Structures are given as C-alpha cells and as structure tokens.
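Written out below as structure tokens is the structure these notes cover.
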Amino acid sequence: MENSSDEYRIQSFDLDTQMLLKTALKDPSSVNLDKVSNIIVDQSLKDPVFSKEAGRICYTIVQVHNAETKQGNGNVFRRNLLNRLQQEFKDREETRGRSLQEWVCYVTFICNIFDYLKVNNMPMVALVHPVYDCLMRLAQPDALMNEEEVDCLVLQLHRIGEQLEKVNSQRMDELFFLLRDGFLLQEGLTSMSRLLLLEILEFRAGGWLLSSTAHKYYYSEIAD
C-alpha cells in the first residue's frame with residue numbers, strides 16, 4: 001500500500017504535522033501515537049473530505065505497528081483512538097447543536113473507522129452500538145428535515161449497512177422502521193431527501209444491492 005501524503009490527503013496540515021503523520025504511517029513506534037490519534041480526530045471533525053479518508057490512515061498505522069512489534073501492539077493506537085471517539089460520542093448532541101457539519105463529519109469518521117479497523121477480520125464490537133446510535137439519530141424527524149443529515153445517513157448505510165446488519169439485525173430493523181415512517185408520514189421533507197430515503201429503502205430490500213434499472217432511475221434523478 002502506498003503511503004504518499006497525496007493518497008491520504010495530509011497535505012492540508014502544517015509541515016510539522018505532515019512529517020509526524022508520514023512518520024506514523026511508516027514507523028509508528030517512533031512517534032507519540034496519542035498525539036497522532038488526536039490530530040486525526042480533530043482534523044476529521046472539521047474536514048469533510050479528510051473524515052472519509054481517515055479510516056485508511058488509522059488502518060495503515062495499526063497494520064504497520066502490529067508488523068513492527070510482532071505482537072499486536074497496534075492496539076495502543078487503537079485504544080487511544082477509541083477513547084477519543086467515545087469522548088466525542090458522549091458530546092454528540094452538543095456537537096450537533098453547535099455545528100451540523102462537525103456532527104456529520106463525526107458520523108462519517110466513526111463509520112469509516114468501523115469499516116476499516118477490524119479485529120480478527122470482524123468489526124470492533126465496541127463500535128457497533130455507537131455507530132447504530134449515530135445512525136438512529138440521523139433518522140429522527142428533526143434530522144430528516146436536514147438534507148445534509150439524510151445524505152450522510154444514506155452514504156453510511158451504502159458503505160457499512162450490510163456489515164452492521166450482520167452484527168445486529170434487530171437494530172437495523174429498528175432503524176429502517178424509522179426511515180420507512182419518515183418517508184411515508186413525515187411532512188416537509190425535501191424532494192431530494194424523499195428520493196434518498198426511497199433509494200436506501202429499496203437498496204436494503206434488494207439485499208444491499210440496487211438493480212441496474214433502479215440505479216439508473218435514482219442516479220439520473222440525483223444528477224438532474
């Protein structure tokens with residue numbers, strides 16, 4: 001895997017931080033991994049593009065660190081990261097009230113970490129309920145009124161919905177009851193939000209796949 005700064009979009013940082021992250025990607029045990037995890041989380045909360053990339057960076061650091069130490073000590077970095085995610089999770093309502101963009105970035109980031117960081121090829125158990133709680137929050141009536149939150153919800157379900165359902169199908173059912181009710185009963189949704197909700201309902205009903213006809217229909221509508 002190439003560890004170029006371009007691939008990981010770290011060129012937006014100051015030079016010292018770029019050097020720190022580049023070193024963390026190649027030789028994690030030589031840097032302060034607590035500092036590195038804080039930098040990654042802080043940037044993810046304010047940069048929508050970086051929040052989608054950050055999971056790959058974290059994955060690489062854990063893999064390289066494990067290979068270096070030969071005994072799975074990549075969990076030092078992982079533990080720091082999870083502690084920070086947990087702290088932000090507790091403050092999520094406050095974050096949402098303060099900045100919708102920061103809240104959407106947080107959800108994107110935690111879902112990205114869920115997607116990339118595995119233990120024995122399985123999703124991290126510690127993240128399952130927090131990820132579901134975030135997605136459930138995006139499915140509440142007040143959030144469905146915000147196109148930005150609906151868009152975030154649908155993107156995350158496209159990315160990790162199938163994985164999430166495998167680890168807890170009951171909560172996925174609950175989430176989709178909310179989405180179905182929102183689509184059918186909620187007044188005042190934008191036409192784009194309605195289209196996104198209908199698309200994700202159909203996506204899951206099709207076994208987390210869209211038929212080519214449905215794909216053409218939804219994506220030509222979105223392009224228009």
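Lettering and numbering for the structure tokens are positional, with chains as A, B, ... in the shown order, residues counted from 1 in each chain, and ligands counted from 1 in the shown order.
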
Original post:
as a list in words, which residues of stretch 70-217 of chain A does DSSP assign to strand (DSSP E)?
Top reply: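 Of stretch 70-217 of chain A, the ones in strand (DSSP E) are Lys118, Val119, Met122 and Pro123 of chain A.
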
Subject >> Selection: 7 Å around stretch 77-80 of chain A, only C-alpha atoms, excl. self and same-chain fewer than 2 positions, as a PyMOL selection string >> reply: chain A and resi 33-34+37+62+74-75+82-84

Original post:
What lies within 8 Å of stretch 193-208 of chain A using only C-alpha atoms, ignoring chain neighbours under 5 positions off, as a list in words?
Top reply: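 Everything that qualifies: Leu144, Met145, Glu147, Val150, Asp151, Val154, Leu157, His158, Gly161, Glu162, Phe176, Leu179, Arg180, Phe183 and Tyr218 of chain A.
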
For those residues, write N, CA, C and O atoms to a file as an mmCIF file, in the first residue's frame.
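Resulting contents of result-v2.cif:
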data_model
loop_
_atom_site.group_PDB
_atom_site.id
_atom_site.type_symbol
_atom_site.label_atom_id
_atom_site.label_comp_id
_atom_site.auth_asym_id
_atom_site.auth_seq_id
_atom_site.Cartn_x
_atom_site.Cartn_y
_atom_site.Cartn_z
ATOM 1 N N LEU A 144 -34.251 14.317 9.710
ATOM 2 C CA LEU A 144 -34.712 14.048 8.341
ATOM 3 C C LEU A 144 -35.105 15.336 7.604
ATOM 4 O O LEU A 144 -35.206 15.345 6.375
ATOM 5 N N MET A 145 -35.289 16.407 8.366
ATOM 6 C CA MET A 145 -35.598 17.700 7.746
ATOM 7 C C MET A 145 -34.341 18.371 7.184
ATOM 8 O O MET A 145 -34.423 19.363 6.469
ATOM 9 N N GLU A 147 -31.278 18.006 4.730
ATOM 10 C CA GLU A 147 -30.769 17.209 3.614
ATOM 11 C C GLU A 147 -29.351 16.689 3.882
ATOM 12 O O GLU A 147 -28.999 15.571 3.514
ATOM 13 N N VAL A 150 -29.587 13.601 6.003
ATOM 14 C CA VAL A 150 -30.145 12.471 5.240
ATOM 15 C C VAL A 150 -29.081 11.921 4.291
ATOM 16 O O VAL A 150 -28.883 10.709 4.176
ATOM 17 N N ASP A 151 -28.376 12.832 3.641
ATOM 18 C CA ASP A 151 -27.319 12.441 2.707
ATOM 19 C C ASP A 151 -26.239 11.632 3.434
ATOM 20 O O ASP A 151 -25.786 10.583 2.955
ATOM 21 N N VAL A 154 -27.567 8.075 4.356
ATOM 22 C CA VAL A 154 -27.660 7.176 3.203
ATOM 23 C C VAL A 154 -26.265 6.739 2.741
ATOM 24 O O VAL A 154 -26.036 5.553 2.447
ATOM 25 N N LEU A 157 -24.970 4.101 5.171
ATOM 26 C CA LEU A 157 -25.655 2.814 5.016
ATOM 27 C C LEU A 157 -25.202 2.095 3.746
ATOM 28 O O LEU A 157 -25.098 0.875 3.720
ATOM 29 N N HIS A 158 -24.912 2.867 2.700
ATOM 30 C CA HIS A 158 -24.359 2.246 1.490
ATOM 31 C C HIS A 158 -23.011 1.602 1.809
ATOM 32 O O HIS A 158 -22.697 0.531 1.316
ATOM 33 N N GLY A 161 -23.826 -0.629 5.802
ATOM 34 C CA GLY A 161 -25.119 -1.184 6.199
ATOM 35 C C GLY A 161 -25.126 -2.702 6.284
ATOM 36 O O GLY A 161 -25.596 -3.288 7.261
ATOM 37 N N GLU A 162 -24.560 -3.330 5.265
ATOM 38 C CA GLU A 162 -24.580 -4.797 5.229
ATOM 39 C C GLU A 162 -23.749 -5.390 6.382
ATOM 40 O O GLU A 162 -24.176 -6.332 7.047
ATOM 41 N N PHE A 176 -34.653 0.947 10.097
ATOM 42 C CA PHE A 176 -35.432 1.029 8.862
ATOM 43 C C PHE A 176 -36.924 1.273 9.112
ATOM 44 O O PHE A 176 -37.598 1.829 8.258
ATOM 45 N N LEU A 179 -36.929 4.957 9.171
ATOM 46 C CA LEU A 179 -36.763 5.522 7.821
ATOM 47 C C LEU A 179 -38.041 5.360 6.996
ATOM 48 O O LEU A 179 -38.439 6.268 6.274
ATOM 49 N N ARG A 180 -38.689 4.217 7.153
ATOM 50 C CA ARG A 180 -39.935 3.993 6.409
ATOM 51 C C ARG A 180 -41.024 4.963 6.884
ATOM 52 O O ARG A 180 -41.718 5.570 6.090
ATOM 53 N N PHE A 183 -40.253 8.407 5.623
ATOM 54 C CA PHE A 183 -40.557 8.548 4.199
ATOM 55 C C PHE A 183 -42.070 8.649 3.958
ATOM 56 O O PHE A 183 -42.539 9.477 3.184
ATOM 57 N N TYR A 218 -32.480 6.336 -9.949
ATOM 58 C CA TYR A 218 -32.099 7.213 -8.837
ATOM 59 C C TYR A 218 -30.969 8.158 -9.206
ATOM 60 O O TYR A 218 -30.996 9.330 -8.901
#

Subject >> Exercise: A:Gly55 partners within 6 Å, only C-alpha atoms, chain neighbours under 2 positions left out, as a ChimeraX atom specification >> reply: /A:53,57-58,112-113,116

Subject >> Pick from A:Leu178, A:Leu155, A:Val167, A:Ile160 nearest to A:Arg137, counting only C-alpha atoms >> reply: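 Selected residue with least distance to A:Arg137: A:Leu178.
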
Original post:
Counting only C-alpha atoms, which of A:Glu187, A:Glu102, A:Leu164, A:Val128 gets nearest to A:Asp142?
Top reply: A:Glu187

Subject >> Straight-line distance linking atom CA of A:Gly97 with atom CA of A:Asp181, stated in Å to one decimal >> reply: 24.1 Å

Subject >> Which residue of A:Val119, A:Leu189, A:Lys90, A:Ser44 approaches A:Pro141 most closely, using only C-alpha atoms >> reply: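 Distance minimum relative to A:Pro141 lands on A:Leu189.
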
Original post:
Which residues, written as JSON, numbers by chain, have at least one atom at most 8 Å from A:Glu68, with only C-alpha atoms counted and residues fewer than 3 positions away on the same chain left out?
Top reply: {"A": [27, 29, 64, 65]}

Generate the output file for the selected residues, N, CA, C and O atoms, as a CSV table (one decimal), in the first residue's frame.
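Here's the written file again.csv:
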chain,number,residue,atom,x,y,z
A,27,ASP,N,6.6,4.4,10.5
A,27,ASP,CA,7.3,3.8,11.7
A,27,ASP,C,6.6,4.3,13.0
A,27,ASP,O,7.1,5.1,13.7
A,29,SER,N,6.0,3.2,16.0
A,29,SER,CA,6.5,3.2,17.3
A,29,SER,C,7.5,4.3,17.6
A,29,SER,O,7.9,4.5,18.8
A,64,VAL,N,1.0,-1.4,10.3
A,64,VAL,CA,2.4,-1.3,10.3
A,64,VAL,C,2.9,-1.5,11.8
A,64,VAL,O,3.9,-2.1,12.0
A,65,HIS,N,2.2,-0.9,12.7
A,65,HIS,CA,2.6,-1.0,14.1
A,65,HIS,C,2.6,-2.5,14.6
A,65,HIS,O,3.5,-3.0,15.2

Original post:
Got a sec to tell me which of stretch 43-200 of chain A DSSP assigns to helix (DSSP H, G or I), as a VMD selection string?
Top reply: chain A and resid 43 to 46 48 to 69 75 to 90 92 to 98 100 to 116 125 to 138 141 to 144 147 to 167 169 to 185 191 to 200

Original post:
If we count only C-alpha atoms, what is near A:Val107 at a cut-off of 12 Å, once residues fewer than 4 positions away on the same chain are taken out, given as a ChimeraX atom specification?
Top reply: /A:41,44-46,48,51-52,85,88-89,92-93,95-96,100-103,111-114,127,130-138,148-157

Please dump the current selection as a tab-separated table (two decimals), in the first residue's frame; keep N, CA and C atoms.
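After the write, result_12.tsv holds the following:
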chain	number	residue	atom	x	y	z
A	41	VAL	N	-8.39	12.76	14.73
A	41	VAL	CA	-9.80	13.02	15.11
A	41	VAL	C	-10.13	14.50	14.93
A	44	SER	N	-10.59	15.30	11.35
A	44	SER	CA	-11.79	14.64	10.81
A	44	SER	C	-13.06	15.41	11.16
A	45	LEU	N	-13.07	16.03	12.33
A	45	LEU	CA	-14.27	16.75	12.76
A	45	LEU	C	-14.49	18.06	12.01
A	46	LYS	N	-13.41	18.57	11.38
A	46	LYS	CA	-13.61	19.85	10.70
A	46	LYS	C	-13.44	19.77	9.18
A	48	PRO	N	-14.61	17.62	5.96
A	48	PRO	CA	-15.49	16.55	5.43
A	48	PRO	C	-14.76	15.57	4.52
A	51	SER	N	-12.44	13.32	6.74
A	51	SER	CA	-13.20	12.36	7.57
A	51	SER	C	-13.50	11.06	6.81
A	52	LYS	N	-13.52	11.15	5.46
A	52	LYS	CA	-13.77	9.95	4.65
A	52	LYS	C	-12.48	9.16	4.40
A	85	LEU	N	-12.93	8.73	20.38
A	85	LEU	CA	-14.24	8.57	19.72
A	85	LEU	C	-15.36	8.51	20.75
A	88	GLU	N	-16.06	11.99	22.12
A	88	GLU	CA	-16.85	12.78	21.15
A	88	GLU	C	-18.29	12.26	21.07
A	89	PHE	N	-18.44	10.94	21.21
A	89	PHE	CA	-19.76	10.33	21.16
A	89	PHE	C	-20.65	10.86	22.30
A	92	ARG	N	-22.15	14.21	21.47
A	92	ARG	CA	-22.66	14.32	20.10
A	92	ARG	C	-23.84	15.29	19.96
A	93	GLU	N	-24.73	15.33	20.96
A	93	GLU	CA	-25.91	16.21	20.86
A	93	GLU	C	-25.46	17.68	20.90
A	95	THR	N	-22.50	18.74	19.99
A	95	THR	CA	-21.81	18.98	18.71
A	95	THR	C	-22.83	19.29	17.63
A	96	ARG	N	-23.89	18.49	17.57
A	96	ARG	CA	-24.92	18.68	16.54
A	96	ARG	C	-25.58	20.06	16.68
A	100	LEU	N	-23.68	21.55	12.49
A	100	LEU	CA	-24.19	20.40	11.75
A	100	LEU	C	-23.06	19.73	10.95
A	101	GLN	N	-22.17	20.56	10.41
A	101	GLN	CA	-21.07	19.99	9.62
A	101	GLN	C	-20.16	19.13	10.49
A	102	GLU	N	-19.86	19.62	11.70
A	102	GLU	CA	-18.98	18.85	12.60
A	102	GLU	C	-19.63	17.52	12.99
A	103	TRP	N	-20.93	17.56	13.23
A	103	TRP	CA	-21.68	16.36	13.59
A	103	TRP	C	-21.66	15.35	12.44
A	111	CYS	N	-18.02	5.89	11.23
A	111	CYS	CA	-18.42	4.82	10.30
A	111	CYS	C	-17.22	4.35	9.48
A	112	ASN	N	-16.35	5.30	9.12
A	112	ASN	CA	-15.12	5.00	8.39
A	112	ASN	C	-14.20	4.10	9.21
A	113	ILE	N	-14.08	4.41	10.49
A	113	ILE	CA	-13.26	3.60	11.40
A	113	ILE	C	-13.88	2.20	11.55
A	114	PHE	N	-15.19	2.15	11.69
A	114	PHE	CA	-15.89	0.85	11.78
A	114	PHE	C	-15.60	0.02	10.53
A	127	LEU	N	-17.67	-0.57	18.72
A	127	LEU	CA	-18.21	0.49	17.86
A	127	LEU	C	-19.64	0.22	17.37
A	130	PRO	N	-22.45	2.43	19.29
A	130	PRO	CA	-22.30	3.86	18.99
A	130	PRO	C	-22.61	4.21	17.53
A	131	VAL	N	-22.18	3.36	16.59
A	131	VAL	CA	-22.48	3.63	15.18
A	131	VAL	C	-23.99	3.58	14.95
A	132	TYR	N	-24.64	2.56	15.50
A	132	TYR	CA	-26.10	2.48	15.37
A	132	TYR	C	-26.78	3.71	16.01
A	133	ASP	N	-26.30	4.11	17.18
A	133	ASP	CA	-26.91	5.27	17.86
A	133	ASP	C	-26.80	6.53	17.00
A	134	CYS	N	-25.65	6.70	16.35
A	134	CYS	CA	-25.47	7.86	15.46
A	134	CYS	C	-26.44	7.80	14.28
A	135	LEU	N	-26.55	6.62	13.67
A	135	LEU	CA	-27.45	6.48	12.51
A	135	LEU	C	-28.91	6.65	12.93
A	136	MET	N	-29.25	6.13	14.12
A	136	MET	CA	-30.61	6.31	14.64
A	136	MET	C	-30.91	7.80	14.84
A	137	ARG	N	-29.89	8.53	15.29
A	137	ARG	CA	-30.09	9.98	15.50
A	137	ARG	C	-30.37	10.68	14.18
A	138	LEU	N	-29.68	10.23	13.13
A	138	LEU	CA	-29.90	10.81	11.80
A	138	LEU	C	-31.27	10.46	11.22
A	148	GLU	N	-28.55	17.53	4.55
A	148	GLU	CA	-27.16	17.16	4.84
A	148	GLU	C	-27.10	15.89	5.71
A	149	GLU	N	-28.02	15.80	6.69
A	149	GLU	CA	-28.03	14.63	7.58
A	149	GLU	C	-28.58	13.40	6.85
A	150	VAL	N	-29.59	13.60	6.00
A	150	VAL	CA	-30.15	12.47	5.24
A	150	VAL	C	-29.08	11.92	4.29
A	151	ASP	N	-28.38	12.83	3.64
A	151	ASP	CA	-27.32	12.44	2.71
A	151	ASP	C	-26.24	11.63	3.43
A	152	CYS	N	-25.84	12.11	4.61
A	152	CYS	CA	-24.83	11.41	5.42
A	152	CYS	C	-25.32	10.01	5.78
A	153	LEU	N	-26.55	9.92	6.26
A	153	LEU	CA	-27.13	8.64	6.68
A	153	LEU	C	-27.11	7.63	5.53
A	154	VAL	N	-27.57	8.08	4.36
A	154	VAL	CA	-27.66	7.18	3.20
A	154	VAL	C	-26.27	6.74	2.74
A	155	LEU	N	-25.32	7.67	2.73
A	155	LEU	CA	-23.94	7.33	2.34
A	155	LEU	C	-23.35	6.27	3.27
A	156	GLN	N	-23.57	6.45	4.58
A	156	GLN	CA	-23.00	5.49	5.55
A	156	GLN	C	-23.66	4.12	5.41
A	157	LEU	N	-24.97	4.10	5.17
A	157	LEU	CA	-25.66	2.81	5.02
A	157	LEU	C	-25.20	2.09	3.75
